[in-house]
Structures are given as structure tokens and as C-alpha cells.
file input15.cif (mmCIF, C-alpha atoms)
data_input
loop_
_atom_site.group_PDB
_atom_site.id
_atom_site.type_symbol
_atom_site.label_atom_id
_atom_site.label_comp_id
_atom_site.auth_asym_id
_atom_site.auth_seq_id
_atom_site.Cartn_x
_atom_site.Cartn_y
_atom_site.Cartn_z
ATOM 1 C CA MET A 1 118.779 132.461 97.362
ATOM 2 C CA SER A 2 117.721 130.509 100.451
ATOM 3 C CA LEU A 3 114.510 128.505 100.184
ATOM 4 C CA LEU A 4 114.563 126.427 103.374
ATOM 5 C CA SER A 5 116.455 126.651 106.661
ATOM 6 C CA LEU A 6 116.172 124.401 109.702
ATOM 7 C CA THR A 7 118.157 125.748 112.655
ATOM 8 C CA ASN A 8 118.750 123.733 115.849
ATOM 9 C CA VAL A 9 115.468 121.864 115.438
ATOM 10 C CA SER A 10 114.465 119.510 118.244
ATOM 11 C CA ALA A 11 111.461 117.174 118.452
ATOM 12 C CA PHE A 12 110.009 114.426 120.642
ATOM 13 C CA TYR A 13 107.912 111.302 120.304
ATOM 14 C CA ASP A 14 105.998 111.542 123.583
ATOM 15 C CA ALA A 15 108.724 111.695 126.254
ATOM 16 C CA SER A 16 111.488 110.419 123.981
ATOM 17 C CA GLN A 17 113.611 113.051 122.249
ATOM 18 C CA ALA A 18 114.279 112.150 118.595
ATOM 19 C CA LEU A 19 115.837 115.346 117.227
ATOM 20 C CA PHE A 20 118.368 117.412 119.151
ATOM 21 C CA LYS A 21 120.103 119.956 116.913
ATOM 22 C CA VAL A 22 119.155 119.458 113.278
ATOM 23 C CA ASN A 23 120.482 122.080 110.889
ATOM 24 C CA LEU A 24 119.657 121.955 107.193
ATOM 25 C CA HIS A 25 119.808 124.543 104.428
ATOM 26 C CA ILE A 26 118.523 124.401 100.847
ATOM 27 C CA ASP A 27 119.003 127.099 98.217
ATOM 28 C CA GLU A 28 116.667 127.615 95.275
ATOM 29 C CA GLY A 29 117.256 125.066 92.528
ATOM 30 C CA LYS A 30 119.598 122.878 94.568
ATOM 31 C CA VAL A 31 119.463 119.146 95.290
ATOM 32 C CA VAL A 32 120.364 118.270 98.885
ATOM 33 C CA ALA A 33 120.978 114.750 100.199
ATOM 34 C CA LEU A 34 119.851 114.018 103.772
ATOM 35 C CA MET A 35 121.940 111.077 104.919
ATOM 36 C CA GLY A 36 122.577 108.867 107.933
ATOM 37 C CA ARG A 37 122.206 105.301 109.134
ATOM 38 C CA ASN A 38 118.799 103.838 109.954
ATOM 39 C CA GLY A 39 117.197 105.382 113.018
ATOM 40 C CA MET A 40 119.331 108.526 113.020
ATOM 41 C CA GLY A 41 116.434 110.972 112.486
ATOM 42 C CA LYS A 42 116.058 111.411 108.727
ATOM 43 C CA THR A 43 112.339 110.608 108.448
ATOM 44 C CA THR A 44 111.667 112.395 111.740
ATOM 45 C CA THR A 45 113.297 115.505 110.271
ATOM 46 C CA ILE A 46 110.993 115.222 107.253
ATOM 47 C CA LYS A 47 107.970 114.886 109.545
ATOM 48 C CA ALA A 48 109.025 117.977 111.498
ATOM 49 C CA LEU A 49 109.599 119.942 108.300
ATOM 50 C CA CYS A 50 106.215 118.954 106.866
ATOM 51 C CA ARG A 51 104.505 119.736 110.206
ATOM 52 C CA MET A 52 103.427 116.161 110.873
ATOM 53 C CA LEU A 53 105.432 116.226 114.112
ATOM 54 C CA PRO A 54 105.529 119.215 116.489
ATOM 55 C CA THR A 55 108.915 120.744 117.176
ATOM 56 C CA ALA A 56 110.133 121.538 120.671
ATOM 57 C CA GLY A 57 112.742 124.098 119.699
ATOM 58 C CA GLY A 58 114.632 125.694 116.853
ATOM 59 C CA GLU A 59 113.447 127.403 113.674
ATOM 60 C CA ILE A 60 111.979 126.184 110.387
ATOM 61 C CA VAL A 61 111.801 128.905 107.738
ATOM 62 C CA PHE A 62 110.512 128.195 104.226
ATOM 63 C CA ASP A 63 110.574 130.970 101.644
ATOM 64 C CA GLY A 64 110.809 133.518 104.445
ATOM 65 C CA GLN A 65 107.854 132.114 106.416
ATOM 66 C CA ASP A 66 107.956 130.469 109.837
ATOM 67 C CA LEU A 67 106.462 126.980 109.490
ATOM 68 C CA ARG A 68 106.453 126.038 113.163
ATOM 69 C CA ARG A 69 102.886 127.079 113.932
ATOM 70 C CA LEU A 70 101.352 125.921 110.664
ATOM 71 C CA PRO A 71 99.364 122.684 110.250
ATOM 72 C CA SER A 72 100.661 120.280 107.631
ATOM 73 C CA HIS A 73 98.092 121.150 104.946
ATOM 74 C CA LYS A 74 98.985 124.847 105.108
ATOM 75 C CA ALA A 75 102.699 124.057 104.939
ATOM 76 C CA ALA A 76 102.019 121.940 101.858
ATOM 77 C CA ARG A 77 100.173 124.812 100.201
ATOM 78 C CA LEU A 78 103.274 126.971 100.571
ATOM 79 C CA GLY A 79 105.060 124.564 98.253
ATOM 80 C CA LEU A 80 106.203 121.431 100.096
ATOM 81 C CA GLY A 81 105.688 118.365 97.919
ATOM 82 C CA LEU A 82 106.259 115.136 99.880
ATOM 83 C CA VAL A 83 106.901 111.669 98.479
ATOM 84 C CA PRO A 84 106.555 109.750 101.755
ATOM 85 C CA GLU A 85 108.384 106.623 102.800
ATOM 86 C CA GLY A 86 106.207 103.663 101.843
ATOM 87 C CA ARG A 87 104.516 105.535 98.942
ATOM 88 C CA ARG A 88 101.023 105.694 100.535
ATOM 89 C CA CYS A 89 99.017 105.910 97.336
ATOM 90 C CA PHE A 90 95.227 105.813 97.640
ATOM 91 C CA PRO A 91 94.694 102.115 96.815
ATOM 92 C CA ASN A 92 91.058 102.278 95.728
ATOM 93 C CA LEU A 93 91.517 105.255 93.399
ATOM 94 C CA THR A 94 92.746 104.923 89.844
ATOM 95 C CA VAL A 95 96.133 106.196 88.791
ATOM 96 C CA GLU A 96 94.544 109.246 87.182
ATOM 97 C CA GLU A 97 92.388 109.926 90.254
ATOM 98 C CA ASN A 98 95.448 109.691 92.540
ATOM 99 C CA LEU A 99 97.119 112.373 90.458
ATOM 100 C CA ILE A 100 94.147 114.652 90.001
ATOM 101 C CA VAL A 101 93.140 114.630 93.675
ATOM 102 C CA ALA A 102 96.430 116.340 94.555
ATOM 103 C CA ALA A 103 96.555 118.758 91.623
ATOM 104 C CA ARG A 104 97.176 122.456 92.042
ATOM 105 C CA PRO A 105 97.598 124.994 89.217
ATOM 106 C CA GLY A 106 101.040 125.267 87.687
ATOM 107 C CA HIS A 107 103.559 123.673 85.356
ATOM 108 C CA TRP A 108 102.860 120.066 86.326
ATOM 109 C CA ASP A 109 99.659 118.486 85.022
ATOM 110 C CA PHE A 110 98.601 114.960 84.057
ATOM 111 C CA ALA A 111 100.106 115.238 80.573
ATOM 112 C CA ARG A 112 103.541 116.341 81.828
ATOM 113 C CA VAL A 113 103.624 113.726 84.580
ATOM 114 C CA SER A 114 102.678 111.081 82.005
ATOM 115 C CA ARG A 115 105.567 112.130 79.785
ATOM 116 C CA LEU A 116 107.894 111.768 82.763
ATOM 117 C CA PHE A 117 106.400 108.358 83.647
ATOM 118 C CA PRO A 118 104.814 106.826 80.505
ATOM 119 C CA ARG A 119 103.642 103.788 82.468
ATOM 120 C CA LEU A 120 101.260 105.988 84.434
ATOM 121 C CA GLU A 121 99.543 106.964 81.191
ATOM 122 C CA GLU A 122 99.294 103.288 80.216
ATOM 123 C CA ARG A 123 97.748 102.397 83.571
ATOM 124 C CA LYS A 124 95.711 105.527 84.224
ATOM 125 C CA SER A 125 92.427 103.591 84.596
ATOM 126 C CA GLN A 126 93.858 100.935 86.914
ATOM 127 C CA SER A 127 93.549 101.125 90.685
ATOM 128 C CA ALA A 128 96.723 102.049 92.529
ATOM 129 C CA ALA A 129 96.463 98.766 94.441
ATOM 130 C CA SER A 130 96.980 96.830 91.200
ATOM 131 C CA LEU A 131 100.330 98.488 90.423
ATOM 132 C CA SER A 132 103.762 97.066 91.114
ATOM 133 C CA GLY A 133 105.874 98.638 93.846
ATOM 134 C CA GLY A 134 107.918 100.539 91.284
ATOM 135 C CA GLU A 135 104.819 101.845 89.544
ATOM 136 C CA GLN A 136 103.357 102.941 92.862
ATOM 137 C CA GLN A 137 106.574 104.859 93.547
ATOM 138 C CA MET A 138 106.266 106.587 90.170
ATOM 139 C CA LEU A 139 102.686 107.447 91.085
ATOM 140 C CA ALA A 140 103.750 108.866 94.456
ATOM 141 C CA ILE A 141 106.348 111.080 92.772
ATOM 142 C CA GLY A 142 103.856 112.155 90.125
ATOM 143 C CA ARG A 143 101.271 112.967 92.795
ATOM 144 C CA ALA A 144 103.774 115.198 94.603
ATOM 145 C CA LEU A 145 104.669 116.956 91.352
ATOM 146 C CA MET A 146 100.983 117.575 90.646
ATOM 147 C CA THR A 147 100.920 119.830 93.720
ATOM 148 C CA ASN A 148 103.415 122.041 91.818
ATOM 149 C CA PRO A 149 105.804 122.318 94.758
ATOM 150 C CA ARG A 150 108.671 124.706 95.353
ATOM 151 C CA LEU A 151 110.496 121.896 97.177
ATOM 152 C CA LEU A 152 110.158 118.205 96.296
ATOM 153 C CA ILE A 153 110.932 115.918 99.265
ATOM 154 C CA LEU A 154 111.792 112.291 98.479
ATOM 155 C CA ASP A 155 111.909 110.051 101.553
ATOM 156 C CA GLU A 156 113.595 106.743 100.588
ATOM 157 C CA ALA A 157 112.123 106.891 97.078
ATOM 158 C CA THR A 158 114.162 103.903 95.832
ATOM 159 C CA GLU A 159 113.877 101.715 98.938
ATOM 160 C CA GLY A 160 112.948 98.098 98.196
ATOM 161 C CA LEU A 161 112.694 98.525 94.431
ATOM 162 C CA ALA A 162 114.215 96.327 91.741
ATOM 163 C CA PRO A 163 117.567 97.624 90.409
ATOM 164 C CA LEU A 164 116.175 98.615 86.997
ATOM 165 C CA VAL A 165 113.323 100.562 88.600
ATOM 166 C CA ARG A 166 115.757 102.219 90.995
ATOM 167 C CA GLN A 167 117.806 103.429 88.048
ATOM 168 C CA GLU A 168 114.660 104.748 86.370
ATOM 169 C CA ILE A 169 113.772 106.740 89.483
ATOM 170 C CA TRP A 170 117.309 108.170 89.706
ATOM 171 C CA ALA A 171 117.133 109.126 86.017
ATOM 172 C CA VAL A 172 113.879 110.998 86.654
ATOM 173 C CA ILE A 173 115.426 112.892 89.573
ATOM 174 C CA ALA A 174 118.355 113.850 87.340
ATOM 175 C CA THR A 175 115.911 115.040 84.669
ATOM 176 C CA LEU A 176 114.023 117.151 87.199
ATOM 177 C CA LYS A 177 117.274 118.757 88.318
ATOM 178 C CA LYS A 178 118.482 119.445 84.794
ATOM 179 C CA GLU A 179 115.277 120.566 83.138
ATOM 180 C CA THR A 180 113.131 122.177 85.841
ATOM 181 C CA GLY A 181 115.421 123.799 88.405
ATOM 182 C CA LEU A 182 113.187 122.364 91.122
ATOM 183 C CA SER A 183 114.656 122.322 94.630
ATOM 184 C CA ILE A 184 114.857 118.733 95.881
ATOM 185 C CA LEU A 185 115.567 117.134 99.257
ATOM 186 C CA VAL A 186 116.512 113.449 98.881
ATOM 187 C CA VAL A 187 116.678 110.913 101.694
ATOM 188 C CA ASP A 188 118.473 107.793 100.480
ATOM 189 C CA LYS A 189 121.247 105.361 101.380
ATOM 190 C CA SER A 190 122.848 105.071 97.952
ATOM 191 C CA LEU A 191 125.985 107.189 98.149
ATOM 192 C CA LYS A 192 126.952 106.412 94.551
ATOM 193 C CA GLU A 193 123.723 107.752 93.060
ATOM 194 C CA LEU A 194 123.523 110.667 95.472
ATOM 195 C CA SER A 195 127.072 111.693 94.590
ATOM 196 C CA GLY A 196 126.065 112.041 90.961
ATOM 197 C CA ILE A 197 123.023 114.199 91.580
ATOM 198 C CA ALA A 198 123.224 116.125 94.876
ATOM 199 C CA ASP A 199 124.806 119.564 95.185
ATOM 200 C CA ASP A 200 125.016 119.475 98.980
ATOM 201 C CA ALA A 201 124.697 116.939 101.773
ATOM 202 C CA VAL A 202 123.560 116.899 105.388
ATOM 203 C CA VAL A 203 124.571 113.976 107.616
ATOM 204 C CA LEU A 204 122.582 113.084 110.734
ATOM 205 C CA ASN A 205 123.706 111.004 113.672
ATOM 206 C CA ARG A 206 121.439 110.325 116.650
ATOM 207 C CA GLY A 207 119.102 113.161 115.793
ATOM 208 C CA GLU A 208 121.787 115.782 115.272
ATOM 209 C CA THR A 209 123.496 117.293 112.252
ATOM 210 C CA VAL A 210 127.117 116.182 112.395
ATOM 211 C CA TRP A 211 128.225 117.364 108.943
ATOM 212 C CA GLN A 212 126.914 119.577 106.143
ATOM 213 C CA GLY A 213 128.517 120.985 103.035
ATOM 214 C CA ALA A 214 129.087 120.433 99.333
ATOM 215 C CA MET A 215 128.524 116.844 98.219
ATOM 216 C CA ASP A 216 131.953 116.650 96.622
ATOM 217 C CA ALA A 217 133.522 117.663 99.957
ATOM 218 C CA LEU A 218 132.085 114.646 101.777
ATOM 219 C CA SER A 219 135.184 112.771 102.914
ATOM 220 C CA ALA A 220 135.816 109.059 103.290
ATOM 221 C CA ASP A 221 136.310 109.618 107.019
ATOM 222 C CA ILE A 222 132.796 111.074 107.381
ATOM 223 C CA THR A 223 131.196 108.343 105.275
ATOM 224 C CA ASP A 224 132.980 105.595 107.211
ATOM 225 C CA ARG A 225 132.094 107.119 110.578
ATOM 226 C CA TYR A 226 128.455 107.989 109.977
ATOM 227 C CA LEU A 227 127.256 106.158 106.868
ATOM 228 C CA GLY A 228 129.128 102.853 106.840
ATOM 229 C CA VAL A 229 127.588 99.558 107.888
#

call {"tool": "encode", "arguments": {"input": "input15.cif", "output": "C-alpha cells"}}
result
Amino acid sequence: MSLLSLTNVSAFYDASQALFKVNLHIDEGKVVALMGRNGMGKTTTIKALCRMLPTAGGEIVFDGQDLRRLPSHKAARLGLGLVPEGRRCFPNLTVEENLIVAARPGHWDFARVSRLFPRLEERKSQSAASLSGGEQQMLAIGRALMTNPRLLILDEATEGLAPLVRQEIWAVIATLKKETGLSILVVDKSLKELSGIADDAVVLNRGETVWQGAMDALSADITDRYLGV
């Protein structure tokens, strides 16, 4: 069953067009990798989806509803849970306050998030500013889960983290896929880890979808042409 569809989405930053024809489809319970080199439109696509950037054309349909005319907070209430690039935790709030401020009724609560990330329980009274980068990333993921989303969106969730922390984050994503059936959109550069977790992939180049399909059908030719250094 389809949860999200972007069809021929275009968007601008002022007079500069950033997205041309972005197409993306996510079924219920699937993990989709959004891939491409730096500057190819991945984060811009996330901004358009989450209604932080107006679209100039195309369709965005989430759970049967047209998102294009909704403000970002109303789109979020429909079930979009964003883990933004750069984490963006509230630095002066404690770990527990960061989680509670985003909470909505549902499966995910402080206890369940703490079981997923035990370090958040250990540091629940500390300010977010005092956490390491990896711990802040755990907090950002936990905060998104506390909204009890239909779709979890991870924008470069492992970027800049130590290798051991990166592996911990990937293990959590795998757990979410296996145990919750949550639909997940992952933006990341690590083809190896994405290959082990994603069902489908979408590849962007210069603001346009140039390939989409099953992750295991992603060929070496496509990766060399659009993902290689």
C-alpha cells in the first residue's frame, strides 16, 4: 500500500531552480534510500516533502492527502517524523525535555526510546549541549520517534560520526525495520550500509530523479555514474 508519492516535483531557492523532476515512492513498511552526490537535491527534496520549502510544480501525496498547501507543522501532524541534517537539538533543554516536547500519543514514549538508546536514559537530566555528537544524533532520532510518525525521515543521520557510533545508528535503523514495520526514508552516502537495509532506492542528479527501483537492482553502472567520487 502506497504511503508517500512525489511526482515531478520542482522547487526554487529564490530565482534558482533546485528541483526539476523529482519522483519518489514509498510503500507502507518499506525502507527507501535517497541517494546522490553532494548538491544534487537530496536535502532540498526533504525540505519540499516536509513543507519547509514551497514547491513550484508536481504532486506530493502522503497517505492519500495532498501536502502541497499545508504548512510544515500540519504535515508533521499527519505523520512525518524528521531527523534533520545537523541534528538541531534544543541545546538548553535536557535530554528528557527534548524528547517530551515533541511527544504525541502512540507506541513511542520515553521508556521505549530509552530502551532503544540506553545512553539517553543515563543522560536524561543533562542539557543537550553537553552531549557528544553521537549522543545528540541519538537524541534527534528519539525526538522524531516520540512524534509517533508514519514515516521516519533520516537526513544524513550518520554524517560526521565516529565509526562505532555510525554502526550503532545503523543497527538501530535495522531494529526499527525488523521490529516495528515503520516506513523509513534514509538519506546517506554509505552504499554498503544502505544495501543491507533499504528495500528500494531513488537516485538524484542535479535535482532530478535519474533512477529508482529495488535496492538489489542498483547496478554498478548507475553507482559509478551518479554516486561515485

call {"tool": "resolve_selection", "arguments": {"input": "input15.cif", "expression": "the PyMOL selection byres ((chain A and resi 199) around 12)", "output": "PyMOL selection string"}}
result
chain A and resi 25-34+174+177+183-186+194-198+200-202+212-218

call {"tool": "closest_residue", "arguments": {"input": "input15.cif", "among": "A:Arg88, A:Glu121, A:Ile173, A:Gly228", "to": "Leu191 (chain A)", "atoms": "all atoms listed in the file"}}
result
A:Gly228

call {"tool": "atom_distance", "arguments": {"input": "input15.cif", "atom1": "CA of Asp155 (chain A)", "atom2": "CA of Ala18 (chain A)"}}
result
17.3 Å

call {"tool": "atom_distance", "arguments": {"input": "input15.cif", "atom1": "CA of Pro105 (chain A)", "atom2": "CA of Gly181 (chain A)"}}
result
17.9 Å

call {"tool": "resolve_selection", "arguments": {"input": "input15.cif", "expression": "the PyMOL selection byres ((chain A and resi 135-149) around 7)", "output": "VMD selection string"}}
result
chain A and resid 79 to 83 87 89 98 to 99 102 to 104 106 to 109 113 117 120 128 131 to 134 150 to 152 157

call {"tool": "build_atoms", "arguments": {"input": "input15.cif", "residues": "region 52-83 of chain A", "atoms": "N, CA and C atoms", "output": "mmCIF file, in the frame of the given file"}}
result
data_model
loop_
_atom_site.group_PDB
_atom_site.id
_atom_site.type_symbol
_atom_site.label_atom_id
_atom_site.label_comp_id
_atom_site.auth_asym_id
_atom_site.auth_seq_id
_atom_site.Cartn_x
_atom_site.Cartn_y
_atom_site.Cartn_z
ATOM 1 N N MET A 52 104.133 117.352 110.413
ATOM 2 C CA MET A 52 103.427 116.161 110.873
ATOM 3 C C MET A 52 103.889 115.754 112.265
ATOM 4 N N LEU A 53 104.920 116.447 112.767
ATOM 5 C CA LEU A 53 105.432 116.226 114.112
ATOM 6 C C LEU A 53 105.774 117.582 114.712
ATOM 7 N N PRO A 54 105.222 117.917 115.881
ATOM 8 C CA PRO A 54 105.529 119.215 116.489
ATOM 9 C C PRO A 54 107.011 119.320 116.844
ATOM 10 N N THR A 55 107.535 120.512 116.754
ATOM 11 C CA THR A 55 108.915 120.744 117.176
ATOM 12 C C THR A 55 108.922 121.344 118.574
ATOM 13 N N ALA A 56 110.006 121.037 119.308
ATOM 14 C CA ALA A 56 110.133 121.538 120.671
ATOM 15 C C ALA A 56 111.091 122.713 120.767
ATOM 16 N N GLY A 57 111.800 122.991 119.697
ATOM 17 C CA GLY A 57 112.742 124.098 119.699
ATOM 18 C C GLY A 57 113.352 124.271 118.328
ATOM 19 N N GLY A 58 114.010 125.407 118.132
ATOM 20 C CA GLY A 58 114.632 125.694 116.853
ATOM 21 C C GLY A 58 113.709 126.433 115.897
ATOM 22 N N GLU A 59 114.190 126.651 114.681
ATOM 23 C CA GLU A 59 113.447 127.403 113.674
ATOM 24 C C GLU A 59 113.338 126.611 112.374
ATOM 25 N N ILE A 60 112.184 126.735 111.722
ATOM 26 C CA ILE A 60 111.979 126.184 110.387
ATOM 27 C C ILE A 60 111.410 127.310 109.531
ATOM 28 N N VAL A 61 112.200 127.779 108.581
ATOM 29 C CA VAL A 61 111.801 128.905 107.738
ATOM 30 C C VAL A 61 111.808 128.446 106.286
ATOM 31 N N PHE A 62 110.665 128.581 105.629
ATOM 32 C CA PHE A 62 110.512 128.195 104.226
ATOM 33 C C PHE A 62 110.058 129.407 103.426
ATOM 34 N N ASP A 63 110.870 129.808 102.482
ATOM 35 C CA ASP A 63 110.574 130.970 101.644
ATOM 36 C C ASP A 63 110.228 132.199 102.501
ATOM 37 N N GLY A 64 110.984 132.364 103.577
ATOM 38 C CA GLY A 64 110.809 133.518 104.445
ATOM 39 C C GLY A 64 109.696 133.399 105.464
ATOM 40 N N GLN A 65 108.976 132.278 105.490
ATOM 41 C CA GLN A 65 107.854 132.114 106.416
ATOM 42 C C GLN A 65 108.174 131.077 107.482
ATOM 43 N N ASP A 66 107.764 131.369 108.701
ATOM 44 C CA ASP A 66 107.956 130.469 109.837
ATOM 45 C C ASP A 66 106.912 129.354 109.762
ATOM 46 N N LEU A 67 107.388 128.101 109.624
ATOM 47 C CA LEU A 67 106.462 126.980 109.490
ATOM 48 C C LEU A 67 106.007 126.392 110.826
ATOM 49 N N ARG A 68 106.632 126.779 111.920
ATOM 50 C CA ARG A 68 106.453 126.038 113.163
ATOM 51 C C ARG A 68 105.016 126.007 113.666
ATOM 52 N N ARG A 69 104.253 127.033 113.404
ATOM 53 C CA ARG A 69 102.886 127.079 113.932
ATOM 54 C C ARG A 69 101.836 126.718 112.878
ATOM 55 N N LEU A 70 102.288 126.260 111.724
ATOM 56 C CA LEU A 70 101.352 125.921 110.664
ATOM 57 C C LEU A 70 100.979 124.441 110.708
ATOM 58 N N PRO A 71 99.713 124.100 110.431
ATOM 59 C CA PRO A 71 99.364 122.684 110.250
ATOM 60 C C PRO A 71 99.944 122.175 108.939
ATOM 61 N N SER A 72 99.983 120.877 108.782
ATOM 62 C CA SER A 72 100.661 120.280 107.631
ATOM 63 C C SER A 72 100.040 120.699 106.298
ATOM 64 N N HIS A 73 98.707 120.829 106.234
ATOM 65 C CA HIS A 73 98.092 121.150 104.946
ATOM 66 C C HIS A 73 98.431 122.577 104.510
ATOM 67 N N LYS A 74 98.609 123.482 105.473
ATOM 68 C CA LYS A 74 98.985 124.847 105.108
ATOM 69 C C LYS A 74 100.452 124.925 104.708
ATOM 70 N N ALA A 75 101.294 124.121 105.344
ATOM 71 C CA ALA A 75 102.699 124.057 104.939
ATOM 72 C C ALA A 75 102.810 123.519 103.520
ATOM 73 N N ALA A 76 102.004 122.508 103.209
ATOM 74 C CA ALA A 76 102.019 121.940 101.858
ATOM 75 C C ALA A 76 101.616 122.985 100.826
ATOM 76 N N ARG A 77 100.635 123.800 101.152
ATOM 77 C CA ARG A 77 100.173 124.812 100.201
ATOM 78 C C ARG A 77 101.226 125.875 99.920
ATOM 79 N N LEU A 78 102.180 126.025 100.821
ATOM 80 C CA LEU A 78 103.274 126.971 100.571
ATOM 81 C C LEU A 78 104.258 126.443 99.538
ATOM 82 N N GLY A 79 104.190 125.111 99.283
ATOM 83 C CA GLY A 79 105.060 124.564 98.253
ATOM 84 C C GLY A 79 105.915 123.396 98.670
ATOM 85 N N LEU A 80 105.498 122.648 99.707
ATOM 86 C CA LEU A 80 106.203 121.431 100.096
ATOM 87 C C LEU A 80 105.511 120.236 99.439
ATOM 88 N N GLY A 81 106.242 119.533 98.591
ATOM 89 C CA GLY A 81 105.688 118.365 97.919
ATOM 90 C C GLY A 81 106.366 117.104 98.425
ATOM 91 N N LEU A 82 105.663 116.292 99.210
ATOM 92 C CA LEU A 82 106.259 115.136 99.880
ATOM 93 C C LEU A 82 105.958 113.840 99.144
ATOM 94 N N VAL A 83 107.023 113.065 98.900
ATOM 95 C CA VAL A 83 106.901 111.669 98.479
ATOM 96 C C VAL A 83 107.264 110.835 99.707
#
